[in-house]
$ cat work-v6.cif   # mmCIF, C-alpha atoms
data_target
loop_
_atom_site.label_atom_id
_atom_site.label_comp_id
_atom_site.auth_asym_id
_atom_site.auth_seq_id
_atom_site.Cartn_x
_atom_site.Cartn_y
_atom_site.Cartn_z
CA MET A 747 -48.75 -16.68 -88.58
CA LYS A 748 -47.08 -16.42 -85.19
CA THR A 749 -48.14 -12.77 -84.88
CA GLU A 750 -51.75 -13.78 -85.33
CA GLN A 751 -51.36 -16.36 -82.56
CA TYR A 752 -49.91 -13.76 -80.21
CA ILE A 753 -52.81 -11.38 -80.97
CA ASP A 754 -55.36 -14.13 -80.39
CA ASP A 755 -53.61 -15.12 -77.17
CA LEU A 756 -53.71 -11.56 -75.83
CA ILE A 757 -57.38 -11.20 -76.78
CA ARG A 758 -58.19 -14.53 -75.12
CA ARG A 759 -56.48 -13.45 -71.89
CA GLU A 760 -58.18 -10.04 -71.90
CA LYS A 761 -61.55 -11.69 -72.52
CA GLN A 762 -60.99 -13.95 -69.51
CA THR A 763 -60.63 -10.93 -67.21
CA ALA A 764 -63.74 -10.85 -65.04
CA PRO A 765 -65.25 -7.62 -63.75
CA ASN A 766 -65.78 -6.94 -60.07
CA PRO A 767 -68.77 -9.06 -58.91
CA PHE A 768 -70.18 -5.97 -57.19
CA LEU A 769 -70.13 -3.90 -60.37
CA SER A 770 -73.92 -3.96 -60.70
CA THR A 771 -74.29 -2.93 -57.05
CA ARG A 772 -71.88 -0.05 -57.70
CA VAL A 773 -73.94 1.06 -60.70
CA MET A 774 -77.22 0.83 -58.76
CA ALA A 775 -75.72 2.95 -55.97
CA GLU A 776 -74.57 5.51 -58.55
CA ILE A 777 -78.03 5.60 -60.12
CA GLU A 778 -79.78 6.06 -56.77
CA LYS A 779 -77.41 8.83 -55.66
CA PRO A 780 -79.11 11.81 -57.40
CA GLN A 781 -82.54 10.56 -56.30
CA ARG A 782 -81.42 10.52 -52.67
CA SER A 783 -80.02 14.04 -52.91
CA GLU A 784 -83.32 15.19 -54.39
CA ILE A 785 -85.18 13.84 -51.36
CA LYS A 786 -82.82 15.68 -49.04
CA ARG A 787 -83.24 18.98 -50.86
CA ILE A 788 -84.96 21.62 -48.67
CA PRO A 789 -88.33 22.79 -50.04
CA VAL A 790 -88.49 26.41 -51.21
CA TRP A 791 -91.18 27.39 -48.69
CA GLN A 792 -88.97 26.19 -45.82
CA ALA A 793 -86.01 28.22 -47.00
CA PHE A 794 -88.31 31.22 -47.44
CA ALA A 795 -89.72 30.78 -43.89
CA VAL A 796 -86.22 30.71 -42.40
CA VAL A 797 -85.15 33.85 -44.28
CA ALA A 798 -88.40 35.63 -43.33
CA GLY A 799 -87.87 34.65 -39.67
CA MET A 800 -84.35 36.04 -39.68
CA ALA A 801 -85.56 39.27 -41.29
CA ALA A 802 -88.33 39.60 -38.67
CA VAL A 803 -85.82 39.11 -35.81
CA ALA A 804 -83.51 41.76 -37.31
CA PHE A 805 -86.43 44.18 -37.75
CA LEU A 806 -87.60 43.65 -34.15
CA GLY A 807 -84.04 44.17 -32.89
CA ILE A 808 -83.75 47.47 -34.76
CA SER A 809 -87.21 48.61 -33.61
CA ALA A 810 -86.40 47.78 -29.98
CA GLY A 811 -83.09 49.64 -30.29
CA ASN A 812 -84.80 52.72 -31.73
CA SER A 813 -87.49 52.76 -29.04
CA TYR A 814 -84.94 53.12 -26.22
CA ILE A 815 -84.96 56.56 -24.64
CA ASP A 816 -81.91 57.63 -22.69
CA ASN A 817 -83.11 59.39 -19.48
CA SER A 818 -79.75 59.66 -17.77
CA SER A 819 -78.26 63.07 -17.12
CA SER A 820 -74.62 63.94 -17.45
CA GLU A 821 -74.79 65.76 -14.10
CA THR A 822 -75.54 62.64 -12.15
CA VAL A 823 -72.55 61.35 -10.23
CA ILE A 824 -72.35 58.03 -8.55
CA ASN A 825 -71.30 58.43 -4.96
CA ILE A 826 -70.30 55.31 -3.12
CA ASN A 827 -69.62 55.53 0.55
CA ASP A 828 -67.65 52.48 1.60
CA SER A 829 -68.56 52.97 5.24
CA GLN A 830 -72.17 52.32 4.34
CA ILE A 831 -71.33 49.11 2.56
CA GLU A 832 -69.21 47.61 5.30
CA ASN A 833 -70.10 47.85 8.94
CA LEU A 834 -66.88 49.08 10.50
CA GLU A 835 -68.37 48.88 13.95
CA TYR A 836 -67.93 45.19 13.74
CA TYR A 837 -64.19 45.57 13.89
CA ASN A 838 -64.32 47.84 16.84
CA PHE A 839 -62.94 45.40 19.34
CA ASP A 840 -64.06 47.44 22.44
CA ASN A 841 -67.72 46.88 21.70
CA TYR A 842 -67.38 43.12 21.88
CA GLU A 843 -65.01 42.80 24.73
CA MET B 754 -87.77 -11.90 -69.37
CA SER B 755 -87.19 -10.18 -72.73
CA ASP B 756 -85.34 -6.87 -73.14
CA GLU B 757 -88.57 -5.11 -74.11
CA GLN B 758 -90.33 -6.29 -70.95
CA LEU B 759 -87.39 -5.22 -68.79
CA ILE B 760 -87.25 -1.79 -70.46
CA TYR B 761 -91.00 -1.36 -69.96
CA LYS B 762 -90.56 -2.17 -66.25
CA ILE B 763 -87.62 0.22 -65.90
CA ASN B 764 -89.60 3.01 -67.53
CA SER B 765 -92.40 2.25 -65.02
CA SER B 766 -89.92 3.07 -62.21
CA ASP B 767 -88.78 -0.43 -61.29
CA PRO B 768 -85.03 -0.22 -60.49
CA SER B 769 -84.74 -3.98 -59.89
CA ALA B 770 -85.51 -4.52 -63.59
CA PHE B 771 -82.54 -2.36 -64.49
CA LYS B 772 -80.31 -4.49 -62.30
CA MET B 773 -81.52 -7.56 -64.21
CA LEU B 774 -80.86 -5.87 -67.55
CA MET B 775 -77.40 -4.84 -66.39
CA GLU B 776 -76.50 -8.31 -65.15
CA LYS B 777 -77.56 -9.68 -68.53
CA TYR B 778 -75.26 -7.37 -70.50
CA GLN B 779 -72.48 -6.27 -68.15
CA LEU B 780 -70.00 -8.94 -69.26
CA GLN B 781 -70.46 -8.08 -72.94
CA VAL B 782 -70.02 -4.37 -72.25
CA PHE B 783 -67.01 -5.01 -69.99
CA ARG B 784 -65.29 -7.22 -72.59
CA THR B 785 -65.82 -4.68 -75.36
CA VAL B 786 -64.43 -1.89 -73.19
CA MET B 787 -61.44 -4.10 -72.30
CA GLY B 788 -60.67 -4.28 -76.02
CA PHE B 789 -60.34 -0.51 -76.11
CA VAL B 790 -58.60 0.21 -72.79
CA HIS B 791 -56.77 -3.06 -71.88
CA SER B 792 -57.06 -2.26 -68.17
CA LYS B 793 -59.48 -3.91 -65.74
CA GLU B 794 -59.88 -0.86 -63.49
CA ASP B 795 -60.54 1.53 -66.38
CA ALA B 796 -62.90 -0.98 -68.00
CA GLU B 797 -64.92 -1.23 -64.77
CA ASP B 798 -65.17 2.54 -64.44
CA ILE B 799 -66.25 2.97 -68.05
CA THR B 800 -68.76 0.09 -67.77
CA GLN B 801 -70.24 1.85 -64.75
CA ASP B 802 -70.50 5.15 -66.66
CA ILE B 803 -72.05 3.36 -69.64
CA PHE B 804 -74.83 1.81 -67.55
CA VAL B 805 -75.53 5.10 -65.76
CA LYS B 806 -75.83 6.74 -69.18
CA VAL B 807 -78.06 3.91 -70.42
CA TYR B 808 -80.33 4.34 -67.39
CA GLN B 809 -80.56 8.08 -67.95
CA SER B 810 -81.30 7.83 -71.67
CA LEU B 811 -83.43 4.69 -71.67
CA ALA B 812 -86.57 6.79 -72.06
CA SER B 813 -85.21 8.03 -75.40
CA PHE B 814 -84.70 4.47 -76.69
CA LYS B 815 -87.37 4.08 -79.35
CA GLY B 816 -86.87 0.38 -80.02
CA GLU B 817 -86.09 0.96 -83.71
CA SER B 818 -83.01 -1.24 -83.35
CA GLU B 819 -82.24 -4.10 -80.98
CA PHE B 820 -81.44 -2.99 -77.43
CA SER B 821 -78.06 -4.78 -77.64
CA THR B 822 -77.17 -2.84 -80.81
CA TRP B 823 -78.04 0.45 -79.10
CA LEU B 824 -76.00 -0.60 -76.06
CA TYR B 825 -72.97 -1.53 -78.20
CA ARG B 826 -73.13 1.87 -79.90
CA ILE B 827 -73.02 3.64 -76.54
CA THR B 828 -70.23 1.31 -75.36
CA VAL B 829 -68.06 1.92 -78.41
CA ASN B 830 -68.57 5.69 -78.39
CA MET B 831 -67.85 6.07 -74.68
CA SER B 832 -64.78 3.82 -74.90
CA ILE B 833 -63.35 5.82 -77.81
CA ASN B 834 -64.03 9.09 -75.97
CA PHE B 835 -62.19 7.73 -72.92
CA VAL B 836 -59.21 6.55 -74.98
CA ASN B 837 -58.93 9.92 -76.75
CA ARG B 838 -59.10 11.79 -73.43
CA ASN B 839 -56.54 9.61 -71.65
CA ARG B 840 -54.01 8.82 -74.36
CA LYS B 841 -51.01 10.04 -72.31
CA ASN B 842 -52.05 8.37 -69.05
CA ARG B 843 -52.50 5.04 -70.79
CA LEU B 844 -48.88 4.92 -71.91
CA LEU B 845 -47.80 5.21 -68.27
CA GLN B 846 -50.41 2.61 -67.28
CA SER B 847 -49.11 0.08 -69.81
CA LEU B 848 -45.55 0.62 -68.62
CA GLU B 849 -46.72 0.11 -65.04
CA ASP B 850 -48.47 -3.13 -66.03
CA ILE B 851 -45.15 -4.62 -67.18
CA PHE B 852 -43.78 -4.41 -63.65
CA THR B 853 -46.91 -5.20 -61.67
CA LYS B 854 -48.24 -8.23 -63.53
CA PRO B 855 -48.78 -11.17 -61.16
CA GLY B 856 -46.21 -13.92 -61.51
CA ASN B 857 -46.97 -17.33 -62.99
CA GLU B 858 -44.91 -20.38 -63.90
CA LYS B 859 -42.83 -18.37 -66.41
CA THR B 860 -39.39 -17.03 -65.64
CA PRO B 861 -39.01 -13.27 -65.03
CA LEU B 862 -37.38 -12.92 -68.47
CA GLU B 863 -40.26 -14.73 -70.18
CA GLN B 864 -42.76 -12.61 -68.25
CA LEU B 865 -40.98 -9.45 -69.32
CA GLU B 866 -40.91 -10.59 -72.94
CA GLU B 867 -44.61 -11.47 -72.81
CA SER B 868 -45.47 -8.10 -71.25
CA GLU B 869 -43.47 -6.30 -73.88
CA ARG B 870 -45.16 -8.30 -76.66
CA ASP B 871 -48.60 -7.59 -75.16
CA ARG B 872 -47.80 -3.90 -74.97
CA ARG B 873 -46.75 -3.86 -78.63
CA ILE B 874 -49.96 -5.62 -79.69
CA GLN B 875 -52.12 -3.31 -77.57
CA LYS B 876 -50.34 -0.30 -79.04
CA ALA B 877 -50.86 -1.66 -82.56
CA ILE B 878 -54.59 -2.21 -81.92
CA ASP B 879 -54.90 1.27 -80.39
CA SER B 880 -53.18 2.87 -83.37
CA LEU B 881 -55.65 1.41 -85.88
CA PRO B 882 -57.94 3.96 -87.54
CA GLU B 883 -61.11 4.44 -85.44
CA ARG B 884 -63.56 2.49 -87.62
CA GLN B 885 -61.12 -0.37 -88.22
CA ARG B 886 -60.53 -0.59 -84.46
CA MET B 887 -64.29 -0.62 -83.74
CA ALA B 888 -64.91 -3.41 -86.26
CA PHE B 889 -61.87 -5.39 -85.06
CA ILE B 890 -62.81 -5.21 -81.36
CA LEU B 891 -66.47 -6.06 -81.93
CA SER B 892 -65.44 -8.97 -84.10
CA LYS B 893 -62.59 -10.37 -81.97
CA TYR B 894 -63.65 -9.53 -78.41
CA GLU B 895 -67.38 -10.00 -78.83
CA GLU B 896 -67.38 -12.39 -81.77
CA LEU B 897 -70.28 -10.48 -83.30
CA SER B 898 -71.40 -11.32 -86.81
CA GLN B 899 -70.57 -8.91 -89.63
CA LYS B 900 -74.28 -8.14 -89.90
CA THR B 901 -74.49 -7.09 -86.23
CA ILE B 902 -71.28 -5.07 -86.48
CA ALA B 903 -72.70 -3.36 -89.56
CA SER B 904 -75.85 -2.32 -87.67
CA VAL B 905 -73.82 -1.11 -84.66
CA MET B 906 -71.60 0.96 -86.95
CA ASN B 907 -74.43 2.07 -89.25
CA THR B 908 -72.76 0.70 -92.33
CA SER B 909 -73.01 -2.20 -94.79
CA GLU B 910 -71.74 -5.73 -94.26
CA GLY B 911 -69.36 -5.33 -97.18
CA ALA B 912 -67.82 -2.26 -95.56
CA VAL B 913 -67.34 -4.18 -92.29
CA GLU B 914 -65.62 -7.00 -94.13
CA GLN B 915 -63.30 -4.50 -95.76
CA LEU B 916 -62.60 -2.79 -92.43
CA LEU B 917 -61.74 -6.11 -90.80
CA GLN B 918 -59.42 -7.10 -93.64
CA ARG B 919 -57.65 -3.74 -93.46
CA ALA B 920 -57.35 -3.97 -89.68
CA LYS B 921 -55.78 -7.41 -89.99
CA ASN B 922 -53.30 -6.24 -92.64
CA ASN B 923 -52.42 -3.14 -90.62
CA LEU B 924 -51.75 -5.20 -87.50
CA GLN B 925 -49.56 -7.64 -89.43
CA ARG B 926 -47.60 -4.73 -90.88
CA LYS B 927 -47.18 -2.94 -87.56
CA LEU B 928 -46.11 -6.08 -85.69
CA SER B 929 -43.82 -7.65 -88.26
#

$ encode --input "work-v6.cif" --output "structure tokens"
Amino acid sequence: MKTEQYIDDLIRREKQTAPNPFLSTRVMAEIEKPQRSEIKRIPVWQAFAVVAGMAAVAFLGISAGNSYIDNSSSETVININDSQIENLEYYNFDNYE
Amino acid sequence: MSDEQLIYKINSSDPSAFKMLMEKYQLQVFRTVMGFVHSKEDAEDITQDIFVKVYQSLASFKGESEFSTWLYRITVNMSINFVNRNRKNRLLQSLEDIFTKPGNEKTPLEQLEESERDRRIQKAIDSLPERQRMAFILSKYEELSQKTIASVMNTSEGAVEQLLQRAKNNLQRKLS
């Protein structure tokens, strides 16, 4: 008889446990989650436009690279005369005395 | 508003109707789940999963049985699945509960004895055969009639009566 009382007492206490008052809000948020992610999903045509744009840029880059013609000759030598760059006369003190 | 009206509104894409339906039944679902898992946190998580599942499969509800019967079936099945999946974790949880139970007017020794007794009863309930446990929990935690339990479990009233009697005898034997 006492065992039955203990069982009933445990059941009574467990039945008195109240759920979180925001449980329904939690469930509603969970339900709305997939719908929100669906709205955010990028349409197929947009993804296709981006990929096509990238392909066009790559194609133009390759075309521009191929159209370059190298006119330089290996015999050409760069000759830099420092005296032409800097006016050494300026430092000639006699001229300004 | 009746269940049928609420379901009609939900199927016509009115989420506020689902909130109303949930608020109507959440306590019943939570209590039933508590009977299976004996833990508030787990019961809340399972209740949440149950209502998400109900929302997703509401379109397939034909109305051949009462909505509450259909809901109890989902509740019982999902609770049993959870218990079977988390059998090992629950042993640790029940041991943890002994030491973390909030204090009351009882002495620490009395609290420990009560926790130990609770754990033994919970273990005895959990070790009942599946159908006996279902009938016992629906009867004791939800105080459903044998007729309602029979329709939830898809069986006859006589079979429910037998299951309840066996569950009672088994518990007495295990706890004596």

$ interface_residues --input "work-v6.cif" --of "chain B" --to "chain A" --cutoff "10 Å" --atoms "all atoms listed in the file" --output "JSON list (two decimals) with C-alpha atoms, keeping the file's coordinate frame"
[["chain", "number", "residue", "atom", "x", "y", "z"],
["B", 768, "PRO", "CA", -85.03, -0.22, -60.49],
["B", 769, "SER", "CA", -84.74, -3.98, -59.89],
["B", 771, "PHE", "CA", -82.54, -2.36, -64.49],
["B", 772, "LYS", "CA", -80.31, -4.49, -62.30],
["B", 773, "MET", "CA", -81.52, -7.56, -64.21],
["B", 774, "LEU", "CA", -80.86, -5.87, -67.55],
["B", 775, "MET", "CA", -77.40, -4.84, -66.39],
["B", 776, "GLU", "CA", -76.50, -8.31, -65.15],
["B", 779, "GLN", "CA", -72.48, -6.27, -68.15],
["B", 780, "LEU", "CA", -70.00, -8.94, -69.26],
["B", 781, "GLN", "CA", -70.46, -8.08, -72.94],
["B", 783, "PHE", "CA", -67.01, -5.01, -69.99],
["B", 784, "ARG", "CA", -65.29, -7.22, -72.59],
["B", 785, "THR", "CA", -65.82, -4.68, -75.36],
["B", 787, "MET", "CA", -61.44, -4.10, -72.30],
["B", 788, "GLY", "CA", -60.67, -4.28, -76.02],
["B", 791, "HIS", "CA", -56.77, -3.06, -71.88],
["B", 792, "SER", "CA", -57.06, -2.26, -68.17],
["B", 793, "LYS", "CA", -59.48, -3.91, -65.74],
["B", 794, "GLU", "CA", -59.88, -0.86, -63.49],
["B", 796, "ALA", "CA", -62.90, -0.98, -68.00],
["B", 797, "GLU", "CA", -64.92, -1.23, -64.77],
["B", 798, "ASP", "CA", -65.17, 2.54, -64.44],
["B", 800, "THR", "CA", -68.76, 0.09, -67.77],
["B", 801, "GLN", "CA", -70.24, 1.85, -64.75],
["B", 802, "ASP", "CA", -70.50, 5.15, -66.66],
["B", 803, "ILE", "CA", -72.05, 3.36, -69.64],
["B", 804, "PHE", "CA", -74.83, 1.81, -67.55],
["B", 805, "VAL", "CA", -75.53, 5.10, -65.76],
["B", 806, "LYS", "CA", -75.83, 6.74, -69.18],
["B", 808, "TYR", "CA", -80.33, 4.34, -67.39],
["B", 809, "GLN", "CA", -80.56, 8.08, -67.95],
["B", 867, "GLU", "CA", -44.61, -11.47, -72.81],
["B", 870, "ARG", "CA", -45.16, -8.30, -76.66],
["B", 871, "ASP", "CA", -48.60, -7.59, -75.16],
["B", 872, "ARG", "CA", -47.80, -3.90, -74.97],
["B", 873, "ARG", "CA", -46.75, -3.86, -78.63],
["B", 874, "ILE", "CA", -49.96, -5.62, -79.69],
["B", 875, "GLN", "CA", -52.12, -3.31, -77.57],
["B", 878, "ILE", "CA", -54.59, -2.21, -81.92],
["B", 890, "ILE", "CA", -62.81, -5.21, -81.36],
["B", 893, "LYS", "CA", -62.59, -10.37, -81.97],
["B", 894, "TYR", "CA", -63.65, -9.53, -78.41],
["B", 895, "GLU", "CA", -67.38, -10.00, -78.83],
["B", 921, "LYS", "CA", -55.78, -7.41, -89.99],
["B", 924, "LEU", "CA", -51.75, -5.20, -87.50],
["B", 925, "GLN", "CA", -49.56, -7.64, -89.43],
["B", 928, "LEU", "CA", -46.11, -6.08, -85.69],
["B", 929, "SER", "CA", -43.82, -7.65, -88.26]]

$ residues_around --input "work-v6.cif" --residues "Glu819 in chain B" --least-positions-apart "6" --cutoff "12 Å" --atoms "only C-alpha atoms" --output "JSON list (two decimals) with C-alpha atoms, keeping the file's coordinate frame"
[["chain", "number", "residue", "atom", "x", "y", "z"],
["B", 755, "SER", "CA", -87.19, -10.18, -72.73],
["B", 756, "ASP", "CA", -85.34, -6.87, -73.14],
["B", 757, "GLU", "CA", -88.57, -5.11, -74.11],
["B", 760, "ILE", "CA", -87.25, -1.79, -70.46],
["B", 825, "TYR", "CA", -72.97, -1.53, -78.20],
["B", 826, "ARG", "CA", -73.13, 1.87, -79.90],
["B", 901, "THR", "CA", -74.49, -7.09, -86.23],
["B", 904, "SER", "CA", -75.85, -2.32, -87.67],
["B", 905, "VAL", "CA", -73.82, -1.11, -84.66]]

$ residues_near_point --input "work-v6.cif" --point "(-68.9, -3.2, -89.7)" --cutoff "10 Å" --atoms "only C-alpha atoms" --output "short mmCIF file (atom, residue, chain, number, x, y, z; two decimals) with C-alpha atoms, in the coordinates of the input"
data_model
loop_
_atom_site.label_atom_id
_atom_site.label_comp_id
_atom_site.auth_asym_id
_atom_site.auth_seq_id
_atom_site.Cartn_x
_atom_site.Cartn_y
_atom_site.Cartn_z
CA ARG B 884 -63.56 2.49 -87.62
CA GLN B 885 -61.12 -0.37 -88.22
CA MET B 887 -64.29 -0.62 -83.74
CA ALA B 888 -64.91 -3.41 -86.26
CA PHE B 889 -61.87 -5.39 -85.06
CA LEU B 891 -66.47 -6.06 -81.93
CA SER B 892 -65.44 -8.97 -84.10
CA LEU B 897 -70.28 -10.48 -83.30
CA SER B 898 -71.40 -11.32 -86.81
CA GLN B 899 -70.57 -8.91 -89.63
CA LYS B 900 -74.28 -8.14 -89.90
CA THR B 901 -74.49 -7.09 -86.23
CA ILE B 902 -71.28 -5.07 -86.48
CA ALA B 903 -72.70 -3.36 -89.56
CA SER B 904 -75.85 -2.32 -87.67
CA VAL B 905 -73.82 -1.11 -84.66
CA MET B 906 -71.60 0.96 -86.95
CA ASN B 907 -74.43 2.07 -89.25
CA THR B 908 -72.76 0.70 -92.33
CA SER B 909 -73.01 -2.20 -94.79
CA GLU B 910 -71.74 -5.73 -94.26
CA GLY B 911 -69.36 -5.33 -97.18
CA ALA B 912 -67.82 -2.26 -95.56
CA VAL B 913 -67.34 -4.18 -92.29
CA GLU B 914 -65.62 -7.00 -94.13
CA GLN B 915 -63.30 -4.50 -95.76
CA LEU B 916 -62.60 -2.79 -92.43
CA LEU B 917 -61.74 -6.11 -90.80
#

$ atom_distance --input "work-v6.cif" --atom1 "CA of Ala920 in chain B" --atom2 "CA of Phe789 in chain B"
14.3 Å

$ closest_residue --input "work-v6.cif" --among "B:Val782, B:Leu881, B:Val790, B:Leu811" --to "Leu759 in chain B" --atoms "all atoms listed in the file"
B:Leu811

$ atom_distance --input "work-v6.cif" --atom1 "CA of Tyr778 in chain B" --atom2 "CA of Thr828 in chain B"
11.1 Å

$ residues_around --input "work-v6.cif" --residues "range 830-834 of chain B" --least-positions-apart "3" --cutoff "6 Å" --atoms "all atoms listed in the file" --output "ChimeraX atom specification"
/B:786,827,837

$ write_last_selection --input "work-v6.cif" --atoms "C-alpha atoms" --output "JSON list (two decimals), in the coordinates of the input"
[["chain", "number", "residue", "atom", "x", "y", "z"],
["B", 786, "VAL", "CA", -64.43, -1.89, -73.19],
["B", 827, "ILE", "CA", -73.02, 3.64, -76.54],
["B", 837, "ASN", "CA", -58.93, 9.92, -76.75]]
